[in-house]
Structures are given as structure tokens and as C-alpha cells.
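In what follows, a single structure is set out as C-alpha cells and then discussed.
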Amino acid sequence: MVYRSVRILSNAGRWARRTPVEARRRAFGAAYVAAVEAIRRELPEDAWYLLVPPKNSEETGWAVWLRHDLAPRRPILIESWAGGRGLRTVDGAAAPRWVRWTVLPGDGGAPLLLTREEALARLRARGGS
Amino acid sequence: MTAELLTGALAAASLFLGAGLGLTLCLPGFATAGLAGRLGFAWLLGVAWIGLFLYAASHVAHLPLDGPLVFLAAFPPLAAGLAAAVRLLVLRRWRAPAPRAARRPLRTLGWVALSLFAVLVSSAVLAHALTHPLEDWDGRMTWTAQAMFVRDAGTVDAAVLRFPKSFVSHPRYPLLMPLAQIAALEAAGSDDERIVRVLYALFFPALVLLILEAGRRWAGSRAALLTALALLTIPWIPFDLEGGAIGAYSDLPLACFFGGGLLLLLRGRPRATDGVAAGLLLAAALLTKNEGLPEVLIALALAALSAGLALVRRRRAGRSRALATALAGVLCLAALWLLVSWRSAIPNRYDELYFETFSLASYARNLASPRPFTTIPVIALRMLNRRLWDLFWWLAPVLFVAAAPAFRRPPTAYLAAAAAVPLLVAWSAYAQVPAAAYYATVTWDRLLLQGCVPVLGLFAVGVRRLLHHFPRARRISASTSGFPSIRSRWG
């Protein structure tokens with residue numbers, strides 16, 4: 001425990017020289033952090049948004065981690081967008097019409113902020129279900 | 001790391017410690033606690049008081065959750081504590097120092113080693129918290145996300161929690177720790193999540209101090225020292241990201257609240273104010289995690305049993321134990337009402353749905369299923385893994401075999417019953433889920449942590465017995481302990 005504590009202390013000494021943004025880049029990746037910062041600038045804090053997770057979100061925690069990083073912005077999870085029925089929530093109901101923004105995985109998994117229509121067009125172009 | 005971050009973290013820590021010290025000065029039961037015990041309880045009572053105050057003020061009185069409300073929460077205990085301190089000074093009623101035993105170099109060396117070790121491990125936890133972003137799963141998924149939603153809404157009844165379509169994991173999980181996060185950030189005047197991490201990190205030294213106090217009361221100061229040293233050798237509790245003090249899980253705060261409340265209620269002759277302090281801690285346990293409810297129930301049941309036995313045997317301690325238990329019970333009932341009332345407007349979703357699918361018949365049927373047995377290899381591998389628990393679970397059974405505490409003597413049987421609760425919770429939970437081995441992998445260590453105060457209390461009683469096997473130790477213990485025997489203390 002002495003060795004482990006000293007190792008953590010010395011590691012903390014290296015991290016102490018980093019700014020909070022640099023530390024987050026180091027922990028979560030530069031592309032992800034830049035994308036999150038861009039969305040935070042664009043989306044007001046009291047806004048609602050539709051969150052479209054990738055297929056492996058349960059394993060990677062993509063949706064829950066992004067929700068944390070965008071909080072207190074309020075998410076509504078989208079479970080499917082297939083069959084021409086538009087964006088559907090967990091219970092199969094249509095996503096509320098008054099929610100204008102959508103966040104979905106862009107290239108390389110970094111989140112992307114689009115309007116609802118743009119998001120739907122992109123998802124259809126990808127042919128996702 | 002900047003000066004702004006450090007001053008913010010100091011302001012946040014002072015908020016809880018100041019309020020808690022105020023409470024320990026007001027409540028006369030803490031007059032006999034050592035400095036370590038007083039500091040440990042001060043941290044726990046400070047977090048419990050501020051969290052409970054904010055919860056009730058927001059849900060019941062609909063006051064906005066902001067800086068002034070946090071100040072309002074801290075002011076009464078701070079002012080009352082200050083008045084109590086001045087009164088004690090004026091009346092010159094500071095407790096006269098107990099007659100000191102002759103200094104023994106070996107014993108002094110032991111305390112110095114313990115202090116240095118505790119400072120080193122706690123500093124490592126604190127340094128990690130001050131320099132790294134929050135990276136643990138539950139902290140980001142549940143506790144810190146909830147804190148941000150509630151802080152933005154200015155109320156625990158936030159629309160985002162109540163709106164059935166919003167994506168909030170475990171929206172009905174109790175909010176005491178998220179409220180403590182909000183109080184820390186308001187005190188620091190900051191949004192920096194590293195300040196939140198400091199709040200969780202400081203529960204580790206609080207646990208060490210609590211174990212020292214518990215060991216001292218239940219087994220004497222030498223056994224307490226060795227037990228605290230044993231705690232400091234366990235890597236999982238301070239350093240595991242998914243449940244330890246460097247994460248933002250609620251299991252460590254729950255372990256401290258439950259253990260602290262139990263310690264106060266299992267005193268030989270508790271004062272009424274011990275009942276109030278225990279009630280605050282157990283109410284905080286109830287509002288920290290769902291598992292808090294069975295743990296609080298068993299703590300109250302054990303306290304009631306000890307009071308009942310003392311009353312039947314016509315011992316004088318019976319009345320004081322009954323009064324303390326009743327006061328603690330009233331506070332816990334109020335907390336339960338608050339929890340039920342707050343939850344009633346929140347539709348459950350993104351949760352494991354344990355309660356929605358619960359039926360007594362299926363529960364009883366599943367209890368007899370072989371599923372929990374499939375977890376035994378996972379549990380054994382984790383407990384005996386030196387990277388997680390070092391040698392603790394190798395040594396503890398040996399200690400109990402070599403120096404089994406006498407179960408007929410209090411508080412051994414009570415501690416054993418309290419230590420078993422998280423394990424029973426685990427057993428019954430693993431019996432209900434199909435992937436029991438997976439659940440054991442992600443929950444078992446945290447359930448062990450929740451019961452660590454009674455477990456380490458039992459460990460201390462075993463260490464005390466072991467020390468008494470050695471003639472020299474017995475001689476030293478008899479001449480220096482200054483603590484009445486467990487039997488006489490339980491009268």
C-alpha cells in the first residue's frame with residue numbers, strides 16, 4: 001500500500017500540471033472532448049435533446065457518459081428510427097415534437113449535434129434500424 | 001491544479017466539517033469521544049445534516065437549492081457549536097485530561113506509524129481526486145448526473161426526474177449524496193467536478209477515524225490501532241475506481257453512515273443525544289442508497305433488542321437504550337416518509353425494476369434456487385485477490401479461528417448480525433437475477449464495504465482476544481488500557 005500510494009501521488013503530480021480540459025482530453029480522447037465542448041457551446045443549458053446511441057452503447061456506456069458530459073441539458077433516449085416511423089423512444093412512442101436537437105454518434109464515435117430533420121436524414125442515409 | 005481549486009475544495013470540506021464539529025460540540029454524548037472519533041463523526045454528521053436539511057427544505061418547504069440555502073443549513077449547527085464551545089470555555093468545563101499511562105515507546109511508535117500510514121493513503125486518494133476527472137461508471141451514470149440536473153432545476157422535484165420520457169438512470173435513487181455534491185459546489189462557488197471528488201475522497205479518512213473509535217470502544221486502543229492498520233492495508237477501499245474512495249459511488253458514504261449510527265446505538269448506556277446523532281446518520285443512510293433501508297432496519301432492531309434485554313434484566317441501561325433507539329427510529333421514520341413522498345411523483349424507468357417485478361411468492365421460490373451458489377467462485381476469487389483486498393480475507397478467518405470472539409458477550413453477536421445484513425442482501429439479490437455471477441462481480445466488494453464497520457468491529461474484538469493470549473500483552477493491556485472491560489461496560 002505504501003508503494004501504491006506513492007505511485008498514485010507521483011502520478012497525481014504529473015496530472016496536476018494539466019488544465020481540466022487537458023486532463024479530460026487525456027482521459028477520454030481529444031476528438032470526444034472537442035465534440036462535447038462544441039455541443040455544450042451550441043446547446044443551451046436548459047435545452048432538451050434526443051440522444052441516439054450507437055448499437056454497442058450498453059457495453060461502452062456511450063449514452064450515459066455523454067449524458068453526464070452534456071448535463072444539465074436534458075436527454076430523451078431514442079431506441080429506434082426504422083420503418084419510416086421517425087424517431088421512437090423506449091416505449092415505442094414518437095419522440096416529442098417540441099424537441100429540436102438530436103445528438104448522435106458521428107465519425108469515430110465522437111458525438112454530433114444536428115437538428116431533428118438533419119439527424120433523421122443522416123440515419124436514413126446510413127440505413128440504420 | 002490551481003489555488004482557486006484548492007480554496008474551493010477547502011471551503012467545501014470546511015462546510016461539512018464545521019457543521020459536524022458544531023453538532024459534536026452540542027451533543028454531550030461526544031464529550032467522551034477521542035479526537036479521532038470526534039473528527040470522524042464530525043465529517044459524517046456534517047454531510048448527513050446538510051444533505052437532510054437540503055432534501056427536506058427543497059421537497060417539503062419548496063425552497064430553492066442555492067448558495068443561501070446551503071448557508072442556512074450550515075448556520076444552526078455552526079452557531080450552536082460556537083455557543084457550546086464558548087459556554088464550555090466560560091464555565092471552564094473542558095474535560096480534564098484523563099490520567100495518562102506511562103509512555104511506552106512501542107505503543108507510541110505504533111500510533112506514529114498508523115498516523116503516517118493513514119496520512120499517506122488519504123493524501124493519495126485526495127491527490128487523485130484533485131487532479132483527475134471523474135471516470136467511474138456509477139458516479140457519471142447516476143450520482144453526479146443527478147446532482148447536475150437537480151442543481152440546474154433548483155429543486156429535488158426536478159422536471160427532468162418527473163418527465164417519463166427523459167433519459168435519467170435510476171431516477172428514484174435517493175438524492176442525499178447528490179445534494180451533498182451541490183452543497184460542496186455552492187460552498188466553493190464553482191462548477192469544478194474535482195471539488196465533488198474531494199467530498200467522496202474525505203470519506204476515507206473519516207472511515208479510518210470511525211474504525212479507530214469503534215475499535216477503541218469495543219476492544220480497547222491497542223486492538224483499535226491494529227484494526228485501523230489492517231484497514232489501511234486493503235487497496236480496494238481507497239483506490240478502486242468502481243466503489244472505492246477515488247470514485248463517486250455512494251457505497252462508502254453508506255458504510256460510514258450505517259456504521260456510525262450502529263456504533264452510537266450500541267453504546268453501553270447511550271444518552272438521548274446519541275439517539276439523535278444515530279438517527280441523523282441512519283436517516284442519511286436511508287437517503288443515500290436503496291440498501292440503506294434494510295441496514296437501517298437491522299441497526300434499529302439490534303438496538304431495540306439490546307434495550308429490551310436490558311429492560312427484562314432490569315438493568316439501568318435499559319431505559320437509556322430504549323430512549324436512544326426510539327429517537328433514532330423517529331428520525332428514520334421521518335426520512336422514510338420524505339423518501340416515499342419524493343419518489344411518489346417520479347415514474348420509474350431506466351432501472352433494474354426489482355420492485356416492479358417483485359412478488360413474495362417468486363422471491364421465496366428464488367431464495368431456494370441454486371443461483372447464488374454460482375457466485376461463490378467469483379466471490380472467493382475477488383476476496384482472495386491481493387490486488388483488491390490484499391491479505392485481509394486470508395487473515396481474518398485465521399484470526400477468528402485462533403481467537404473466536406465469545407458470541408454470548410455483547411457487542412459480538414450484534415456486530416455479527418449487522419455484518420451479515422449486506423451479505424444477506426447480496427444472497428437474496430443474486431437469487432433473483434439470472435446472471436448472478438455477473439452481478440456478484442460488480443456488486444460483491446461494494447456490499448462488503450457497506451458492512452465494513454461491523455466486520456472490522458468483530459476483527460477488533462478478535463484482535464483483543466488474541467492480544468490477551470500473550471502474557472505480556474495481557475499485563476500491558478491490564479495496566480494501560482484505561483478502558484473498562486466489554487462486560488462491565490455493557491453492565
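We label chains A, B, ... in the order they appear in the C-alpha cells, count residues from 1 in each chain, and number ligands from 1 in the order shown.
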
- Message: So that I can see what lies close to range 305-314 of chain B, please list as a ChimeraX atom specification the residues with an atom at most 10 Å from it, counting only C-alpha atoms and leaving out residues fewer than 6 positions away in the same chain.
- Response: /B:265-269,299,320-325,410-411,414,490-491

- Message: Taking 3 positions as the minimum chain separation for residues in the same chain, which residues sit within 12 Å of range 13-28 of chain A when counting only C-alpha atoms? Answer as a ChimeraX atom specification.
- Response: /A:6-10,31-37,62,65-66,69,109-110 /B:1-3,5-6,123-124,126-136,191-194

Those residues with N, CA and C atoms, as a tab-separated table (two decimals), in the first residue's frame please?
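The result, stored in result_38.tsv:
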chain	number	residue	atom	x	y	z
A	6	VAL	N	2.41	5.93	-2.99
A	6	VAL	CA	3.45	6.82	-3.51
A	6	VAL	C	3.34	6.93	-5.03
A	7	ARG	N	3.02	5.79	-5.68
A	7	ARG	CA	2.87	5.81	-7.14
A	7	ARG	C	1.69	6.70	-7.55
A	8	ILE	N	0.59	6.63	-6.81
A	8	ILE	CA	-0.58	7.47	-7.13
A	8	ILE	C	-0.24	8.94	-6.89
A	9	LEU	N	0.51	9.22	-5.82
A	9	LEU	CA	0.89	10.60	-5.53
A	9	LEU	C	1.78	11.15	-6.64
A	10	SER	N	2.71	10.34	-7.10
A	10	SER	CA	3.62	10.86	-8.13
A	10	SER	C	2.88	11.03	-9.45
A	31	ALA	N	-10.69	13.94	-29.59
A	31	ALA	CA	-11.81	14.13	-30.52
A	31	ALA	C	-13.14	14.18	-29.74
A	32	TYR	N	-13.29	13.26	-28.78
A	32	TYR	CA	-14.52	13.21	-27.99
A	32	TYR	C	-14.70	14.51	-27.20
A	33	VAL	N	-13.63	14.95	-26.53
A	33	VAL	CA	-13.73	16.15	-25.69
A	33	VAL	C	-14.03	17.38	-26.55
A	34	ALA	N	-13.39	17.48	-27.72
A	34	ALA	CA	-13.64	18.64	-28.60
A	34	ALA	C	-15.10	18.65	-29.06
A	35	ALA	N	-15.63	17.45	-29.38
A	35	ALA	CA	-17.02	17.37	-29.84
A	35	ALA	C	-17.98	17.76	-28.71
A	36	VAL	N	-17.70	17.29	-27.50
A	36	VAL	CA	-18.56	17.62	-26.36
A	36	VAL	C	-18.52	19.12	-26.09
A	37	GLU	N	-17.34	19.71	-26.14
A	37	GLU	CA	-17.22	21.16	-25.90
A	37	GLU	C	-18.02	21.94	-26.94
A	62	TRP	N	-21.66	4.68	-23.97
A	62	TRP	CA	-21.61	5.92	-24.76
A	62	TRP	C	-22.71	6.89	-24.34
A	65	TRP	N	-22.43	8.16	-20.56
A	65	TRP	CA	-21.28	9.05	-20.33
A	65	TRP	C	-21.49	10.40	-21.02
A	66	LEU	N	-22.09	10.35	-22.20
A	66	LEU	CA	-22.35	11.60	-22.91
A	66	LEU	C	-23.41	12.43	-22.17
A	69	ASP	N	-21.70	14.29	-19.57
A	69	ASP	CA	-20.86	15.38	-20.07
A	69	ASP	C	-21.68	16.54	-20.61
A	109	GLY	N	-17.19	7.80	-33.53
A	109	GLY	CA	-17.88	7.71	-32.24
A	109	GLY	C	-18.01	9.03	-31.51
A	110	ALA	N	-17.34	10.07	-32.00
A	110	ALA	CA	-17.48	11.39	-31.35
A	110	ALA	C	-18.90	11.90	-31.56
B	1	MET	N	-3.67	22.02	-11.42
B	1	MET	CA	-4.30	22.31	-10.13
B	1	MET	C	-4.00	23.77	-9.75
B	2	THR	N	-5.05	24.52	-9.47
B	2	THR	CA	-4.86	25.95	-9.20
B	2	THR	C	-5.21	26.27	-7.74
B	3	ALA	N	-4.80	27.50	-7.33
B	3	ALA	CA	-5.13	27.96	-5.98
B	3	ALA	C	-6.65	28.05	-5.82
B	5	LEU	N	-8.89	26.12	-7.17
B	5	LEU	CA	-9.42	24.77	-6.90
B	5	LEU	C	-9.17	24.39	-5.43
B	6	LEU	N	-7.97	24.67	-4.96
B	6	LEU	CA	-7.63	24.29	-3.59
B	6	LEU	C	-8.48	25.05	-2.57
B	123	SER	N	-3.78	10.99	1.55
B	123	SER	CA	-3.23	12.01	0.64
B	123	SER	C	-3.26	11.51	-0.80
B	124	ALA	N	-2.98	10.22	-0.99
B	124	ALA	CA	-3.01	9.67	-2.34
B	124	ALA	C	-4.43	9.75	-2.91
B	126	LEU	N	-6.82	11.83	-2.00
B	126	LEU	CA	-7.15	13.25	-2.18
B	126	LEU	C	-6.44	13.82	-3.42
B	127	ALA	N	-5.18	13.45	-3.59
B	127	ALA	CA	-4.41	13.96	-4.74
B	127	ALA	C	-5.03	13.47	-6.05
B	128	HIS	N	-5.46	12.20	-6.06
B	128	HIS	CA	-6.11	11.67	-7.26
B	128	HIS	C	-7.39	12.47	-7.54
B	129	ALA	N	-8.16	12.74	-6.48
B	129	ALA	CA	-9.42	13.46	-6.65
B	129	ALA	C	-9.18	14.87	-7.19
B	130	LEU	N	-8.12	15.51	-6.75
B	130	LEU	CA	-7.88	16.90	-7.13
B	130	LEU	C	-7.28	17.05	-8.53
B	131	THR	N	-6.81	15.95	-9.09
B	131	THR	CA	-6.09	16.09	-10.36
B	131	THR	C	-6.73	15.35	-11.54
B	132	HIS	N	-7.63	14.40	-11.26
B	132	HIS	CA	-8.19	13.60	-12.35
B	132	HIS	C	-9.68	13.93	-12.55
B	133	PRO	N	-10.16	13.85	-13.79
B	133	PRO	CA	-11.61	13.99	-13.99
B	133	PRO	C	-12.33	12.75	-13.46
B	134	LEU	N	-13.64	12.90	-13.27
B	134	LEU	CA	-14.44	11.78	-12.77
B	134	LEU	C	-14.52	10.70	-13.86
B	135	GLU	N	-14.12	9.48	-13.54
B	135	GLU	CA	-14.06	8.44	-14.57
B	135	GLU	C	-14.84	7.19	-14.22
B	136	ASP	N	-15.47	7.15	-13.05
B	136	ASP	CA	-16.13	5.89	-12.67
B	136	ASP	C	-17.54	5.80	-13.25
B	191	ASP	N	-18.09	25.16	-10.43
B	191	ASP	CA	-18.73	24.03	-11.12
B	191	ASP	C	-17.73	22.90	-11.32
B	192	ASP	N	-16.57	23.01	-10.72
B	192	ASP	CA	-15.48	22.07	-10.96
B	192	ASP	C	-15.78	20.71	-10.30
B	193	GLU	N	-15.86	19.66	-11.12
B	193	GLU	CA	-16.24	18.35	-10.57
B	193	GLU	C	-15.16	17.77	-9.65
B	194	ARG	N	-13.94	18.32	-9.70
B	194	ARG	CA	-12.91	17.81	-8.80
B	194	ARG	C	-13.23	18.14	-7.34

- Message: Can you tell me which residues surround range 244-252 of chain B at a distance of at most 8 Å, considering only C-alpha atoms, apart from same-chain residues fewer than 5 positions away, and format the answer as a VMD selection string?
- Response: chain B and resid 125 to 126 128 to 129 134 to 136 138 to 140 143 to 144 177 197 200 to 204 236 to 239 288 to 289 446 to 447 449 to 450

- Query: Out of range 1-79 of chain A, which residues get alpha helix (DSSP H) from DSSP, as a PyMOL selection string?
  - Reply: chain A and resi 2-15+20-28+30-42+57-60+62-70

Please, could you write that set of residues out with N, CA and C atoms as a tab-separated table (two decimals), in the first residue's frame?
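Written out: again.tsv:
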chain	number	residue	atom	x	y	z
A	2	VAL	N	2.01	1.17	0.65
A	2	VAL	CA	2.90	2.35	0.66
A	2	VAL	C	3.37	2.63	-0.76
A	3	TYR	N	3.80	1.56	-1.46
A	3	TYR	CA	4.28	1.74	-2.83
A	3	TYR	C	3.15	2.26	-3.72
A	4	ARG	N	1.98	1.68	-3.56
A	4	ARG	CA	0.84	2.07	-4.39
A	4	ARG	C	0.46	3.53	-4.14
A	5	SER	N	0.46	3.92	-2.87
A	5	SER	CA	0.11	5.31	-2.52
A	5	SER	C	1.13	6.28	-3.11
A	6	VAL	N	2.41	5.93	-2.99
A	6	VAL	CA	3.45	6.82	-3.51
A	6	VAL	C	3.34	6.93	-5.03
A	7	ARG	N	3.02	5.79	-5.68
A	7	ARG	CA	2.87	5.81	-7.14
A	7	ARG	C	1.69	6.70	-7.55
A	8	ILE	N	0.59	6.63	-6.81
A	8	ILE	CA	-0.58	7.47	-7.13
A	8	ILE	C	-0.24	8.94	-6.89
A	9	LEU	N	0.51	9.22	-5.82
A	9	LEU	CA	0.89	10.60	-5.53
A	9	LEU	C	1.78	11.15	-6.64
A	10	SER	N	2.71	10.34	-7.10
A	10	SER	CA	3.62	10.86	-8.13
A	10	SER	C	2.88	11.03	-9.45
A	11	ASN	N	1.95	10.12	-9.73
A	11	ASN	CA	1.11	10.25	-10.92
A	11	ASN	C	0.25	11.52	-10.83
A	12	ALA	N	-0.27	11.78	-9.63
A	12	ALA	CA	-1.10	12.99	-9.43
A	12	ALA	C	-0.25	14.24	-9.66
A	13	GLY	N	1.01	14.18	-9.30
A	13	GLY	CA	1.91	15.31	-9.53
A	13	GLY	C	2.01	15.64	-11.02
A	14	ARG	N	2.04	14.60	-11.85
A	14	ARG	CA	2.09	14.84	-13.31
A	14	ARG	C	0.77	15.42	-13.80
A	15	TRP	N	-0.35	14.88	-13.30
A	15	TRP	CA	-1.66	15.36	-13.75
A	15	TRP	C	-1.95	16.78	-13.26
A	20	PRO	N	-7.91	21.45	-16.60
A	20	PRO	CA	-9.03	20.49	-16.60
A	20	PRO	C	-9.33	19.94	-18.00
A	21	VAL	N	-9.25	20.82	-19.02
A	21	VAL	CA	-9.55	20.35	-20.38
A	21	VAL	C	-8.48	19.38	-20.85
A	22	GLU	N	-7.22	19.68	-20.55
A	22	GLU	CA	-6.14	18.77	-20.95
A	22	GLU	C	-6.30	17.42	-20.25
A	23	ALA	N	-6.71	17.48	-18.97
A	23	ALA	CA	-6.89	16.23	-18.22
A	23	ALA	C	-8.02	15.41	-18.83
A	24	ARG	N	-9.10	16.08	-19.25
A	24	ARG	CA	-10.22	15.34	-19.86
A	24	ARG	C	-9.81	14.77	-21.21
A	25	ARG	N	-9.02	15.56	-21.98
A	25	ARG	CA	-8.54	15.04	-23.27
A	25	ARG	C	-7.73	13.78	-23.07
A	26	ARG	N	-6.87	13.82	-22.04
A	26	ARG	CA	-6.01	12.68	-21.75
A	26	ARG	C	-6.85	11.46	-21.36
A	27	ALA	N	-7.92	11.72	-20.58
A	27	ALA	CA	-8.72	10.60	-20.06
A	27	ALA	C	-9.69	10.05	-21.11
A	28	PHE	N	-10.32	10.95	-21.89
A	28	PHE	CA	-11.42	10.50	-22.75
A	28	PHE	C	-11.12	10.61	-24.25
A	30	ALA	N	-9.04	13.27	-27.37
A	30	ALA	CA	-9.15	14.67	-27.82
A	30	ALA	C	-10.39	14.89	-28.69
A	31	ALA	N	-10.69	13.94	-29.59
A	31	ALA	CA	-11.81	14.13	-30.52
A	31	ALA	C	-13.14	14.18	-29.74
A	32	TYR	N	-13.29	13.26	-28.78
A	32	TYR	CA	-14.52	13.21	-27.99
A	32	TYR	C	-14.70	14.51	-27.20
A	33	VAL	N	-13.63	14.95	-26.53
A	33	VAL	CA	-13.73	16.15	-25.69
A	33	VAL	C	-14.03	17.38	-26.55
A	34	ALA	N	-13.39	17.48	-27.72
A	34	ALA	CA	-13.64	18.64	-28.60
A	34	ALA	C	-15.10	18.65	-29.06
A	35	ALA	N	-15.63	17.45	-29.38
A	35	ALA	CA	-17.02	17.37	-29.84
A	35	ALA	C	-17.98	17.76	-28.71
A	36	VAL	N	-17.70	17.29	-27.50
A	36	VAL	CA	-18.56	17.62	-26.36
A	36	VAL	C	-18.52	19.12	-26.09
A	37	GLU	N	-17.34	19.71	-26.14
A	37	GLU	CA	-17.22	21.16	-25.90
A	37	GLU	C	-18.02	21.94	-26.94
A	38	ALA	N	-17.95	21.48	-28.19
A	38	ALA	CA	-18.68	22.18	-29.26
A	38	ALA	C	-20.19	22.10	-29.01
A	39	ILE	N	-20.67	20.94	-28.61
A	39	ILE	CA	-22.12	20.79	-28.35
A	39	ILE	C	-22.52	21.66	-27.15
A	40	ARG	N	-21.69	21.68	-26.14
A	40	ARG	CA	-22.01	22.48	-24.94
A	40	ARG	C	-22.12	23.97	-25.29
A	41	ARG	N	-21.29	24.41	-26.23
A	41	ARG	CA	-21.37	25.82	-26.65
A	41	ARG	C	-22.66	26.08	-27.42
A	42	GLU	N	-23.05	25.12	-28.23
A	42	GLU	CA	-24.19	25.30	-29.13
A	42	GLU	C	-25.55	25.15	-28.43
A	57	SER	N	-23.85	0.74	-27.35
A	57	SER	CA	-23.87	1.73	-26.27
A	57	SER	C	-23.93	1.09	-24.88
A	58	GLU	N	-24.66	-0.03	-24.78
A	58	GLU	CA	-24.81	-0.68	-23.47
A	58	GLU	C	-23.45	-1.10	-22.92
A	59	GLU	N	-22.60	-1.61	-23.82
A	59	GLU	CA	-21.28	-2.09	-23.37
A	59	GLU	C	-20.32	-0.92	-23.14
A	60	THR	N	-20.34	0.05	-24.03
A	60	THR	CA	-19.36	1.14	-23.92
A	60	THR	C	-19.84	2.25	-22.99
A	62	TRP	N	-21.66	4.68	-23.97
A	62	TRP	CA	-21.61	5.92	-24.76
A	62	TRP	C	-22.71	6.89	-24.34
A	63	ALA	N	-23.94	6.40	-24.25
A	63	ALA	CA	-25.07	7.30	-23.97
A	63	ALA	C	-25.01	7.85	-22.55
A	64	VAL	N	-24.70	7.00	-21.57
A	64	VAL	CA	-24.73	7.50	-20.18
A	64	VAL	C	-23.55	8.43	-19.91
A	65	TRP	N	-22.43	8.16	-20.56
A	65	TRP	CA	-21.28	9.05	-20.33
A	65	TRP	C	-21.49	10.40	-21.02
A	66	LEU	N	-22.09	10.35	-22.20
A	66	LEU	CA	-22.35	11.60	-22.91
A	66	LEU	C	-23.41	12.43	-22.17
A	67	ARG	N	-24.42	11.73	-21.65
A	67	ARG	CA	-25.44	12.43	-20.87
A	67	ARG	C	-24.79	13.20	-19.71
A	68	HIS	N	-23.83	12.56	-19.04
A	68	HIS	CA	-23.13	13.22	-17.94
A	68	HIS	C	-22.37	14.45	-18.45
A	69	ASP	N	-21.70	14.29	-19.57
A	69	ASP	CA	-20.86	15.38	-20.07
A	69	ASP	C	-21.68	16.54	-20.61
A	70	LEU	N	-22.93	16.28	-21.01
A	70	LEU	CA	-23.77	17.37	-21.52
A	70	LEU	C	-24.73	17.91	-20.45

- Task: Rank A:Leu104, A:Met1, A:Val99, A:Val90 by their smallest atom-to-atom distance to Val52 in chain A, using only C-alpha atoms, and report the top residue only.
- Result: A:Leu104

- Message: I'd like the neighbourhood of Val340 in chain B as an MDAnalysis selection string, where a residue qualifies if any of its atoms comes within 12 Å (using only C-alpha atoms), though same-chain residues fewer than 3 positions away should be ignored.
- Response: chainID B and resid 59 172:174 286:287 290 293 333:337 343:346

- Item | For Tyr438 in chain B: contacts at 10 Å, only C-alpha atoms, fewer than 6 positions along chain excluded, given as a ChimeraX atom specification | /B:374-375,378,430,444

Output C-alpha atoms of each residue in that selection to a file, as an mmCIF file, in the first residue's frame.
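Output contents, as saved in again_3.cif:
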data_model
loop_
_atom_site.group_PDB
_atom_site.id
_atom_site.type_symbol
_atom_site.label_atom_id
_atom_site.label_comp_id
_atom_site.auth_asym_id
_atom_site.auth_seq_id
_atom_site.Cartn_x
_atom_site.Cartn_y
_atom_site.Cartn_z
ATOM 1 C CA THR B 374 -22.811 -19.987 -8.849
ATOM 2 C CA THR B 375 -21.393 -16.750 -7.448
ATOM 3 C CA VAL B 378 -16.404 -15.198 -8.243
ATOM 4 C CA TYR B 430 -28.303 -12.911 -6.509
ATOM 5 C CA TRP B 444 -19.895 -8.032 -4.061
#

- Could you pull the residues within 12 Å of Arg116 in chain A, counting only C-alpha atoms, minus those fewer than 3 positions along the same chain, as a ChimeraX atom specification? /A:48-52,78,81,86-87,95-104,112-113,119-123

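Using only C-alpha atoms for every distance, the candidate list B:Ala214, B:Ala83, B:Ala364, B:Ile182 yields B:Ala364 as the residue closest to Ala431 in chain B.
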
- Message: According to DSSP computed on the backbone, where in range 21-113 of chain A is there strand (DSSP E or B)? Give the residues as a ChimeraX atom specification.
- Response: /A:48-51,74-80,88-89,94,101-105,111-113

- Query: Using only C-alpha atoms, which of A:Gly92, A:Ser80, A:Gly106, A:Arg126 sits nearest chain B?
  - Reply: A:Gly92
